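Undergrad: What follows is input.txt, compact mmCIF, C-alpha atoms.
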```txt
# COMPACT_ATOMS: atom_id res chain seq x y z
CA MET A 136 110.38 -77.84 120.00
CA ALA A 137 109.19 -74.53 121.47
CA LEU A 138 111.13 -71.29 121.75
CA ASN A 139 111.10 -68.94 124.72
CA VAL A 140 110.62 -65.32 123.65
CA THR A 141 109.50 -62.10 125.31
CA LEU A 142 106.54 -60.35 123.69
CA ASN A 143 105.72 -56.87 124.96
CA GLY A 144 107.30 -57.63 128.32
CA GLU A 145 105.70 -61.08 128.80
CA ASN A 146 107.44 -64.46 128.50
CA LYS A 147 105.86 -66.64 125.79
CA ARG A 148 106.53 -70.04 124.24
CA ILE A 149 106.04 -70.27 120.48
CA GLY A 150 106.72 -72.91 117.87
CA ASP A 151 110.18 -73.36 116.34
CA GLY A 152 110.93 -72.39 112.76
CA LEU A 153 108.68 -69.37 112.57
CA SER A 154 109.57 -66.15 110.81
CA VAL A 155 108.44 -62.83 112.21
CA ALA A 156 105.58 -62.92 109.70
CA GLY A 157 104.62 -66.41 110.89
CA MET A 158 104.74 -65.33 114.54
CA LEU A 159 102.49 -62.35 113.81
CA SER A 160 100.07 -64.59 111.95
CA SER A 161 99.93 -67.01 114.89
CA LEU A 162 99.07 -64.04 117.12
CA GLY A 163 96.29 -62.92 114.78
CA LEU A 164 98.02 -59.61 113.96
CA ASP A 165 97.91 -57.77 110.63
CA PRO A 166 101.53 -56.84 109.69
CA ALA A 167 100.26 -53.77 107.81
CA LYS A 168 98.92 -52.20 111.02
CA ILE A 169 101.83 -52.69 113.41
CA ALA A 170 105.55 -52.09 113.90
CA VAL A 171 108.00 -54.65 115.31
CA GLU A 172 111.19 -54.18 117.32
CA ARG A 173 113.46 -57.25 117.80
CA ASN A 174 116.17 -57.06 120.46
CA LEU A 175 116.03 -53.23 120.39
CA GLN A 176 116.34 -53.15 116.56
CA ILE A 177 113.50 -52.17 114.24
CA VAL A 178 112.46 -55.00 111.90
CA PRO A 179 111.57 -53.52 108.47
CA ARG A 180 108.15 -54.71 107.35
CA SER A 181 109.64 -55.89 104.03
CA THR A 182 111.82 -58.46 105.88
CA TYR A 183 109.16 -60.07 108.11
CA ASP A 184 109.26 -63.24 105.96
CA GLN A 185 113.05 -63.50 106.09
CA VAL A 186 113.76 -62.78 109.77
CA GLN A 187 113.61 -65.99 111.83
CA VAL A 188 112.49 -66.01 115.45
CA ALA A 189 115.28 -67.24 117.76
CA ASP A 190 115.20 -68.54 121.31
CA GLY A 191 115.55 -65.65 123.80
CA ASP A 192 114.40 -62.95 121.37
CA ARG A 193 112.70 -59.88 122.88
CA TYR A 194 109.97 -58.27 120.80
CA GLU A 195 108.03 -55.05 121.13
CA ILE A 196 104.95 -54.95 118.91
CA VAL A 197 103.21 -51.58 118.74
CA HIS A 198 100.33 -49.86 116.94
CA PHE A 199 98.56 -46.54 116.95
CA ILE A 200 95.84 -45.77 119.48
CA GLY A 201 93.60 -42.78 120.00
CA GLY A 202 95.27 -41.41 123.12
CA GLY A 203 93.75 -43.70 125.73
CA ASN A 204 90.45 -43.84 127.53
CA ALA A 205 88.89 -40.86 129.25
CA PRO A 206 90.04 -40.68 132.87
CA VAL A 207 87.58 -41.78 135.51
CA SER A 208 86.36 -38.79 137.50
CA VAL A 209 87.13 -39.27 141.19
CA PRO A 210 85.47 -36.85 143.63
CA PRO A 211 88.02 -35.03 145.79
CA GLU A 212 88.41 -36.26 149.33
CA ASN A 213 87.22 -33.93 152.06
CA LYS A 214 90.36 -34.17 154.15
CA LYS A 215 90.50 -32.51 157.54
CA LEU A 216 92.89 -29.59 157.97
CA ILE A 217 95.64 -30.92 160.21
CA ILE A 218 98.78 -28.82 160.74
CA ALA A 219 101.62 -30.18 162.87
CA GLY A 220 99.30 -32.78 164.36
CA LYS A 221 96.48 -30.39 165.35
CA GLU A 222 93.10 -30.29 163.63
CA TYR A 223 91.57 -26.92 162.69
CA LYS A 224 87.89 -26.47 161.88
CA SER A 225 88.40 -23.10 160.19
CA ARG A 226 90.42 -22.98 156.99
CA LEU A 227 90.98 -19.24 157.33
CA ILE A 228 94.07 -17.76 159.00
CA ILE A 229 94.29 -14.03 159.57
CA GLY A 230 97.06 -11.62 160.48
CA THR A 231 97.43 -9.00 163.18
CA GLY A 232 98.97 -6.09 161.29
CA LYS A 233 97.56 -2.81 159.92
CA TYR A 234 94.47 -2.71 162.15
CA LYS A 235 93.56 0.64 163.71
CA THR A 236 93.47 -0.91 167.18
CA TYR A 237 93.99 -4.26 168.85
CA ALA A 238 90.29 -4.19 169.75
CA GLU A 239 89.35 -3.97 166.05
CA ASN A 240 91.74 -6.82 165.31
CA ALA A 241 90.13 -8.97 168.01
CA ALA A 242 86.64 -8.19 166.70
CA ALA A 243 87.65 -9.12 163.15
CA LEU A 244 89.19 -12.36 164.40
CA GLU A 245 85.97 -13.25 166.18
CA ALA A 246 83.90 -12.50 163.07
CA SER A 247 86.23 -14.52 160.82
CA GLY A 248 85.92 -17.71 162.82
CA ALA A 249 89.66 -18.25 162.39
CA GLU A 250 91.52 -20.30 164.98
CA MET A 251 95.05 -19.21 164.05
CA VAL A 252 96.62 -15.75 163.82
CA THR A 253 100.03 -14.69 162.57
CA VAL A 254 102.02 -12.49 164.94
CA ALA A 255 105.16 -10.48 164.30
CA VAL A 256 108.07 -10.32 166.72
CA ARG A 257 109.07 -6.74 167.54
CA ARG A 258 111.07 -4.93 170.22
CA VAL A 259 109.36 -3.97 173.48
CA ASN A 260 108.74 -0.22 173.83
CA LEU A 261 111.00 0.49 176.81
CA THR A 262 109.88 4.12 177.10
CA ASP A 263 106.24 3.09 177.65
CA PRO A 264 106.09 -0.54 178.80
CA ASN A 265 102.39 -0.14 179.71
CA GLN A 266 101.25 0.33 176.11
CA PRO A 267 98.48 -2.12 175.03
CA LYS A 268 99.75 -5.50 173.88
CA LEU A 269 98.20 -7.95 171.43
CA ILE A 270 98.12 -10.69 174.03
CA ASP A 271 95.74 -8.54 176.12
CA PHE A 272 93.13 -8.70 173.33
CA ILE A 273 93.76 -12.05 171.61
CA ASP A 274 94.19 -14.91 174.04
CA PRO A 275 96.95 -17.35 172.98
CA LYS A 276 95.14 -20.05 174.98
CA LYS A 277 92.08 -19.65 172.74
CA TYR A 278 93.84 -19.03 169.41
CA THR A 279 96.97 -20.55 167.90
CA TYR A 280 99.63 -17.86 167.68
CA LEU A 281 101.77 -18.29 164.56
CA PRO A 282 104.98 -16.26 164.96
CA ASN A 283 106.28 -15.15 161.58
CA THR A 284 109.36 -13.54 160.14
CA ALA A 285 107.66 -10.63 158.38
CA GLY A 286 110.25 -8.07 157.31
CA CYS A 287 113.21 -10.47 157.27
CA PHE A 288 115.38 -10.34 154.17
CA THR A 289 118.12 -12.78 155.22
CA SER A 290 118.20 -16.27 156.62
CA GLU A 291 120.14 -15.03 159.66
CA ASP A 292 117.43 -12.49 160.57
CA ALA A 293 114.65 -15.06 160.11
CA LEU A 294 116.38 -17.64 162.31
CA ARG A 295 117.13 -15.09 164.99
CA THR A 296 113.52 -13.89 165.02
CA LEU A 297 111.99 -17.34 165.39
CA ARG A 298 114.44 -18.41 168.07
CA LEU A 299 113.38 -15.34 170.05
CA ALA A 300 109.72 -16.21 169.44
CA ARG A 301 110.24 -19.68 170.86
CA GLU A 302 111.94 -18.19 173.89
CA ALA A 303 109.16 -15.63 174.39
CA GLY A 304 106.22 -18.01 174.24
CA GLY A 305 107.46 -21.54 173.70
CA TRP A 306 106.04 -21.63 170.17
CA THR A 307 107.55 -24.16 167.78
CA LEU A 308 104.88 -23.88 165.07
CA VAL A 309 106.07 -20.91 163.04
CA LYS A 310 105.62 -19.18 159.71
CA LEU A 311 108.82 -18.65 157.78
CA GLU A 312 109.16 -15.96 155.16
CA VAL A 313 112.46 -14.64 153.84
CA LEU A 314 111.84 -11.77 151.43
CA GLY A 315 113.80 -11.02 148.31
CA ASP A 316 113.31 -7.27 147.80
CA GLN A 317 111.31 -4.31 149.07
CA LYS A 318 109.33 -3.70 145.88
CA THR A 319 107.72 -7.11 145.33
CA LEU A 320 108.22 -8.80 148.73
CA TYR A 321 108.57 -12.03 146.77
CA PRO A 322 110.22 -14.87 148.69
CA ASN A 323 113.95 -15.39 148.37
CA MET A 324 113.76 -19.12 147.76
CA PRO A 325 117.45 -20.08 148.29
CA GLU A 326 117.42 -18.29 151.66
CA THR A 327 114.01 -19.75 152.48
CA LEU A 328 115.18 -23.32 151.83
CA LYS A 329 118.32 -22.78 153.87
CA SER A 330 116.35 -21.35 156.78
CA ALA A 331 113.73 -24.09 156.70
CA GLU A 332 116.36 -26.83 156.88
CA VAL A 333 117.97 -25.25 159.95
CA LEU A 334 114.65 -24.64 161.73
CA ILE A 335 113.42 -28.19 161.14
CA LYS A 336 116.68 -29.59 162.54
CA GLU A 337 116.14 -27.41 165.62
CA GLY A 338 112.69 -28.87 166.23
CA PHE A 339 110.49 -26.17 164.70
CA GLN A 340 107.34 -27.04 162.74
CA VAL A 341 107.60 -24.77 159.74
CA MET A 342 104.77 -23.32 157.68
CA VAL A 343 106.60 -21.69 154.80
CA TYR A 344 105.76 -18.74 152.53
CA CYS A 345 107.06 -19.56 149.06
CA SER A 346 106.80 -18.84 145.36
CA ASP A 347 104.10 -20.48 143.25
CA ASP A 348 106.71 -22.83 141.72
CA PRO A 349 105.74 -26.52 142.09
CA ILE A 350 109.39 -27.64 142.06
CA GLN A 351 110.37 -25.35 144.93
CA ALA A 352 107.21 -26.28 146.83
CA LYS A 353 107.99 -29.98 146.52
CA ARG A 354 111.50 -29.44 147.79
CA LEU A 355 110.18 -27.63 150.87
CA GLU A 356 107.83 -30.52 151.57
CA GLU A 357 110.64 -33.05 151.14
CA ILE A 358 112.81 -31.38 153.78
CA GLY A 359 109.94 -31.59 156.26
CA CYS A 360 107.87 -28.39 156.21
CA ALA A 361 104.50 -28.70 157.95
CA ALA A 362 102.58 -26.61 155.38
CA ILE A 363 103.34 -25.04 152.01
CA MET A 364 102.15 -21.45 151.55
CA PRO A 365 102.49 -20.20 147.97
CA LEU A 366 101.66 -16.57 147.30
CA ALA A 367 98.54 -15.72 145.30
CA ALA A 368 100.01 -12.31 144.40
CA PRO A 369 102.49 -9.87 145.97
CA ILE A 370 101.94 -9.25 149.69
CA GLY A 371 99.32 -6.58 150.32
CA SER A 372 98.49 -6.15 146.61
CA GLY A 373 94.93 -7.49 146.70
CA LEU A 374 95.32 -8.81 143.15
CA GLY A 375 93.99 -12.30 143.88
CA VAL A 376 95.29 -15.60 142.48
CA GLN A 377 97.59 -14.76 139.56
CA ASN A 378 98.88 -18.25 138.76
CA PRO A 379 96.06 -20.78 139.20
CA VAL A 380 97.95 -23.38 137.15
CA GLY A 381 101.00 -23.26 139.44
CA ILE A 382 98.85 -23.35 142.58
CA ARG A 383 96.87 -26.32 141.28
CA LEU A 384 100.04 -28.25 140.46
CA ILE A 385 101.39 -27.60 143.96
CA ILE A 386 98.13 -28.91 145.44
CA GLU A 387 98.11 -32.03 143.27
CA GLN A 388 101.56 -33.15 144.38
CA ALA A 389 101.45 -32.09 148.04
CA LYS A 390 100.96 -34.44 150.98
CA VAL A 391 100.95 -31.58 153.50
CA PRO A 392 98.44 -28.69 153.67
CA VAL A 393 98.69 -26.05 150.95
CA ILE A 394 97.57 -22.63 152.16
CA VAL A 395 97.48 -19.66 149.80
CA ASP A 396 99.30 -16.77 151.45
CA ALA A 397 99.41 -13.13 150.32
CA GLY A 398 97.59 -11.21 147.63
CA VAL A 399 93.95 -11.91 148.46
CA GLY A 400 91.89 -8.74 148.12
CA THR A 401 88.25 -9.66 148.60
CA ALA A 402 85.94 -12.58 149.29
CA SER A 403 85.83 -13.80 145.67
CA ASP A 404 89.65 -14.13 145.68
CA ALA A 405 89.45 -16.37 148.74
CA ALA A 406 86.72 -18.46 147.13
CA ILE A 407 88.80 -18.89 143.96
CA ALA A 408 91.78 -20.10 145.98
CA MET A 409 89.62 -22.63 147.78
CA GLU A 410 87.95 -23.77 144.57
CA LEU A 411 91.40 -24.74 143.28
CA GLY A 412 91.61 -27.20 146.17
CA CYS A 413 93.70 -25.24 148.67
CA ASP A 414 93.48 -26.44 152.25
CA GLY A 415 93.21 -22.89 153.53
CA VAL A 416 93.86 -19.18 152.96
CA LEU A 417 95.94 -16.75 154.99
CA MET A 418 95.28 -13.02 154.72
CA ASN A 419 95.87 -9.78 156.56
CA THR A 420 95.57 -6.62 154.45
CA ALA A 421 92.34 -7.72 152.74
CA ILE A 422 90.58 -7.57 156.11
CA ALA A 423 92.59 -4.92 157.96
CA GLU A 424 92.38 -2.31 155.18
CA ALA A 425 88.74 -2.92 154.27
CA LYS A 426 86.40 -0.02 155.01
CA ASN A 427 84.69 -2.29 157.52
CA PRO A 428 87.25 -4.89 158.67
CA VAL A 429 84.82 -6.82 160.88
CA LEU A 430 82.26 -7.17 158.09
CA MET A 431 84.98 -8.19 155.61
CA ALA A 432 86.25 -10.79 158.08
CA GLU A 433 82.80 -12.33 158.16
CA ALA A 434 82.64 -12.25 154.35
CA MET A 435 85.97 -14.07 154.19
CA LYS A 436 84.68 -16.74 156.55
CA HIS A 437 81.77 -17.49 154.23
CA ALA A 438 83.91 -17.25 151.08
CA VAL A 439 86.39 -19.83 152.34
CA LYS A 440 83.57 -22.19 153.27
CA ALA A 441 81.78 -21.67 149.93
CA GLY A 442 84.97 -22.16 147.93
CA ARG A 443 85.72 -25.40 149.76
CA LEU A 444 82.21 -26.74 149.14
CA ALA A 445 82.43 -25.80 145.45
CA TYR A 446 85.75 -27.65 145.16
CA LEU A 447 84.28 -30.75 146.75
CA ALA A 448 81.13 -30.54 144.61
CA GLY A 449 83.08 -30.21 141.33
CA ARG A 450 82.11 -27.39 139.02
CA MET A 451 80.25 -27.88 135.75
CA PRO A 452 82.38 -27.88 132.58
CA LYS A 453 82.76 -24.57 130.77
CA LYS A 454 80.99 -24.43 127.39
CA ARG A 455 81.33 -22.12 124.42
CA TYR A 456 77.61 -21.82 123.73
CA ALA A 457 74.28 -21.83 125.53
CA ASP A 458 72.88 -25.08 126.86
CA PRO A 459 69.19 -24.81 127.87
CA SER A 460 68.25 -26.05 131.33
CA SER A 461 64.76 -27.16 130.20
CA PRO A 462 64.36 -29.81 127.47
CA LEU A 463 63.14 -28.51 124.09
CA ALA A 464 61.09 -31.64 123.35
CA GLY A 465 57.37 -31.11 123.85
CA LEU A 466 57.65 -27.34 123.53
CA ILE A 467 54.26 -25.70 122.81
```
Let me see the file written as structure tokens.
TA:
Amino acid sequence: MALNVTLNGENKRIGDGLSVAGMLSSLGLDPAKIAVERNLQIVPRSTYDQVQVADGDRYEIVHFIGGGNAPVSVPPENKKLIIAGKEYKSRLIIGTGKYKTYAENAAALEASGAEMVTVAVRRVNLTDPNQPKLIDFIDPKKYTYLPNTAGCFTSEDALRTLRLAREAGGWTLVKLEVLGDQKTLYPNMPETLKSAEVLIKEGFQVMVYCSDDPIQAKRLEEIGCAAIMPLAAPIGSGLGVQNPVGIRLIIEQAKVPVIVDAGVGTASDAAIAMELGCDGVLMNTAIAEAKNPVLMAEAMKHAVKAGRLAYLAGRMPKKRYADPSSPLAGLI
């Protein structure tokens, strides 16, 4: 007569009248090198000969291993940058603030190769309605305008601003940022989440400025944001990526584009962000406050491309000591 037992999750039939020791022997296992659990109870090794195997028993038999095999290295996929259904060739987004003139802004945009620009919503100057306007220098038919909520510290202000933006130009792709305080300009995440939920219900496609917290970023993706935009460092600080671990974790879990936003200072900062695997980089001050904004814009274009290529290529491992490029064998 055979007994039906479960061994490590699999149904097995074994002979009747076996002790645990006999069952282990029939399986070719050394009792000294394993541990046995029977029906969720540990079986002491000293009782293997006395404990009889019964029909319906469930056993877990375990041993020590060395931590598993080395993971297989899989090259990263060169995914296209698609935001709200539209493909973008450039992975660089630039802003439209802090430039000396709109003409300088337009020249920097041209040099950067960017296809998307962030724009703030501000009151019309009623005393001089003929003042130059951004739209006269940067054509919204050629570039994607991304209305943002720069300067908003409450959900109510952010919602009001973006509703006006949609009315002004019909834009539904927007950048949401709700700031927490004047000193750091860090995002107020509770207000950001609340705003994003309302905007998405109203038909907006939301690219959202957020903290470098993977949990918060995942929540924003789950409610339907079109892109996640964690800060590299405080807005306008130029400090570069301060939390590469957090950014990398956000990238690994995300199914929507991850675009580093805020804190980039120079081309190497942009390259570092892209080498982490970001889908893009958004910046304003790094270009606008450079001594030569147009030249810096071109540098940023190349840095973003180089960083992306380096990410796809996969960098060499870091080593503690020298490793000669030429073989030492056959040395004269």
Undergrad: Please identify all polymer residues within 8 Å of Ile218 in chain A, counting only C-alpha atoms, omitting same-chain residues fewer than 6 positions from it, and present them as a PDB file with C-alpha atoms, in the frame of the given file.
TA:
```pdb
ATOM      1  CA  ALA A 361     104.500 -28.700 157.950  1.00  0.00           C
ATOM      2  CA  ALA A 362     102.580 -26.610 155.380  1.00  0.00           C
ATOM      3  CA  PRO A 392      98.440 -28.690 153.670  1.00  0.00           C
TER       4      PRO A 392
END
```
Undergrad: How far is it from CA of Ala421 in chain A to CA of Gly373 in chain A, in Å with one decimal?
TA: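 Taking CA of Ala421 in chain A as the start and CA of Gly373 in chain A as the end point, the length is 6.6 Å.
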Undergrad: What's the 10 Å shell around Ala293 in chain A, counting only C-alpha atoms, without same-chain residues fewer than 2 positions away, as a list in words?
TA: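 What passes the distance filter is Asn283, Thr284, Ala285, Gly286, Cys287, Phe288, Thr289, Ser290, Glu291, Arg295, Thr296, Leu297, Arg298, Lys310, Leu311, Glu312, Val313, Leu314, Glu326, Thr327, Ser330, Ala331 and Leu334 of chain A.
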Undergrad: From the options A:Pro282, A:Gly191, A:Gly398, A:Pro275, which residue's atoms come nearest to Thr307 in chain A, counting all atoms listed in the file?
TA: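 For Thr307 in chain A, the nearest of the given residues is A:Pro282.
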Undergrad: Between CA of Gln266 in chain A and CA of Leu227 in chain A, what distance in Å does the model show, to one decimal?
TA: 29.0 Å
Undergrad: How close does each residue of range 258-341 of chain A get to range 233-241 of chain A, giving the shortest atom pair and distance in Å to one decimal for every residue with an atom at most 12 Å away, counting only C-alpha atoms, sorted by chain and residue number, as a tab-separated table?
TA:
```
residue	atom	partner	partner_atom	distance
A:Gln266	CA	A:Tyr237	CA	11.2
A:Pro267	CA	A:Tyr237	CA	7.9
A:Lys268	CA	A:Tyr237	CA	7.7
A:Leu269	CA	A:Tyr237	CA	6.2
A:Ile270	CA	A:Tyr237	CA	9.2
A:Asp271	CA	A:Tyr237	CA	8.6
A:Phe272	CA	A:Ala241	CA	6.1
A:Ile273	CA	A:Ala241	CA	6.0
A:Asp274	CA	A:Ala241	CA	9.4
A:Pro275	CA	A:Ala241	CA	11.9
A:Lys277	CA	A:Ala241	CA	11.8
A:Tyr278	CA	A:Ala241	CA	10.8
```
Undergrad: Given the point (110.2, -57.4, 105.2) in the coordinates of this file, which residues lie within 12 Å, counting only C-alpha atoms, and how would they look as a PDB file with C-alpha atoms, keeping the file's coordinate frame?
TA:
```pdb
ATOM      1  CA  SER A 154     109.570 -66.150 110.810  1.00  0.00           C
ATOM      2  CA  VAL A 155     108.440 -62.830 112.210  1.00  0.00           C
ATOM      3  CA  ALA A 156     105.580 -62.920 109.700  1.00  0.00           C
ATOM      4  CA  PRO A 166     101.530 -56.840 109.690  1.00  0.00           C
ATOM      5  CA  ALA A 167     100.260 -53.770 107.810  1.00  0.00           C
ATOM      6  CA  ALA A 170     105.550 -52.090 113.900  1.00  0.00           C
ATOM      7  CA  VAL A 171     108.000 -54.650 115.310  1.00  0.00           C
ATOM      8  CA  ILE A 177     113.500 -52.170 114.240  1.00  0.00           C
ATOM      9  CA  VAL A 178     112.460 -55.000 111.900  1.00  0.00           C
ATOM     10  CA  PRO A 179     111.570 -53.520 108.470  1.00  0.00           C
ATOM     11  CA  ARG A 180     108.150 -54.710 107.350  1.00  0.00           C
ATOM     12  CA  SER A 181     109.640 -55.890 104.030  1.00  0.00           C
ATOM     13  CA  THR A 182     111.820 -58.460 105.880  1.00  0.00           C
ATOM     14  CA  TYR A 183     109.160 -60.070 108.110  1.00  0.00           C
ATOM     15  CA  ASP A 184     109.260 -63.240 105.960  1.00  0.00           C
ATOM     16  CA  GLN A 185     113.050 -63.500 106.090  1.00  0.00           C
ATOM     17  CA  VAL A 186     113.760 -62.780 109.770  1.00  0.00           C
ATOM     18  CA  GLN A 187     113.610 -65.990 111.830  1.00  0.00           C
TER      19      GLN A 187
END
```
Undergrad: Grab the CA of Leu320 in chain A to CA of Tyr344 in chain A distance for me, in Å with one decimal place.
TA: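 Rounded to one decimal, the two atoms are 10.9 Å apart.
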Undergrad: Glu250 in chain A: which residues within 10 Å, counting all atoms listed in the file, same-chain residues fewer than 3 positions away excluded, as number ranges by chain?
TA: A: 223-229, 244-245, 247, 277-280
Undergrad: Find the residues near range 430-436 of chain A: any atom within 6 Å, counting all atoms listed in the file, skip ones fewer than 5 places away on the same chain, and give them as a PyMOL selection string.
TA: chain A and resi 243+246-247+402+422
Undergrad: For Glu195 in chain A, work out the shell of residues within 9 Å, counting all atoms listed in the file and skipping chain neighbours fewer than 6 positions away, then give it as an MDAnalysis selection string.
TA: chainID A and resid 141:144 170:175
Undergrad: Using only C-alpha atoms, can you tell me which of A:Pro211, A:Leu299, A:Asn265, A:Ala423 comes closest to Ile386 in chain A?
TA: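 Result for the nearest residue to Ile386 in chain A: A:Pro211.
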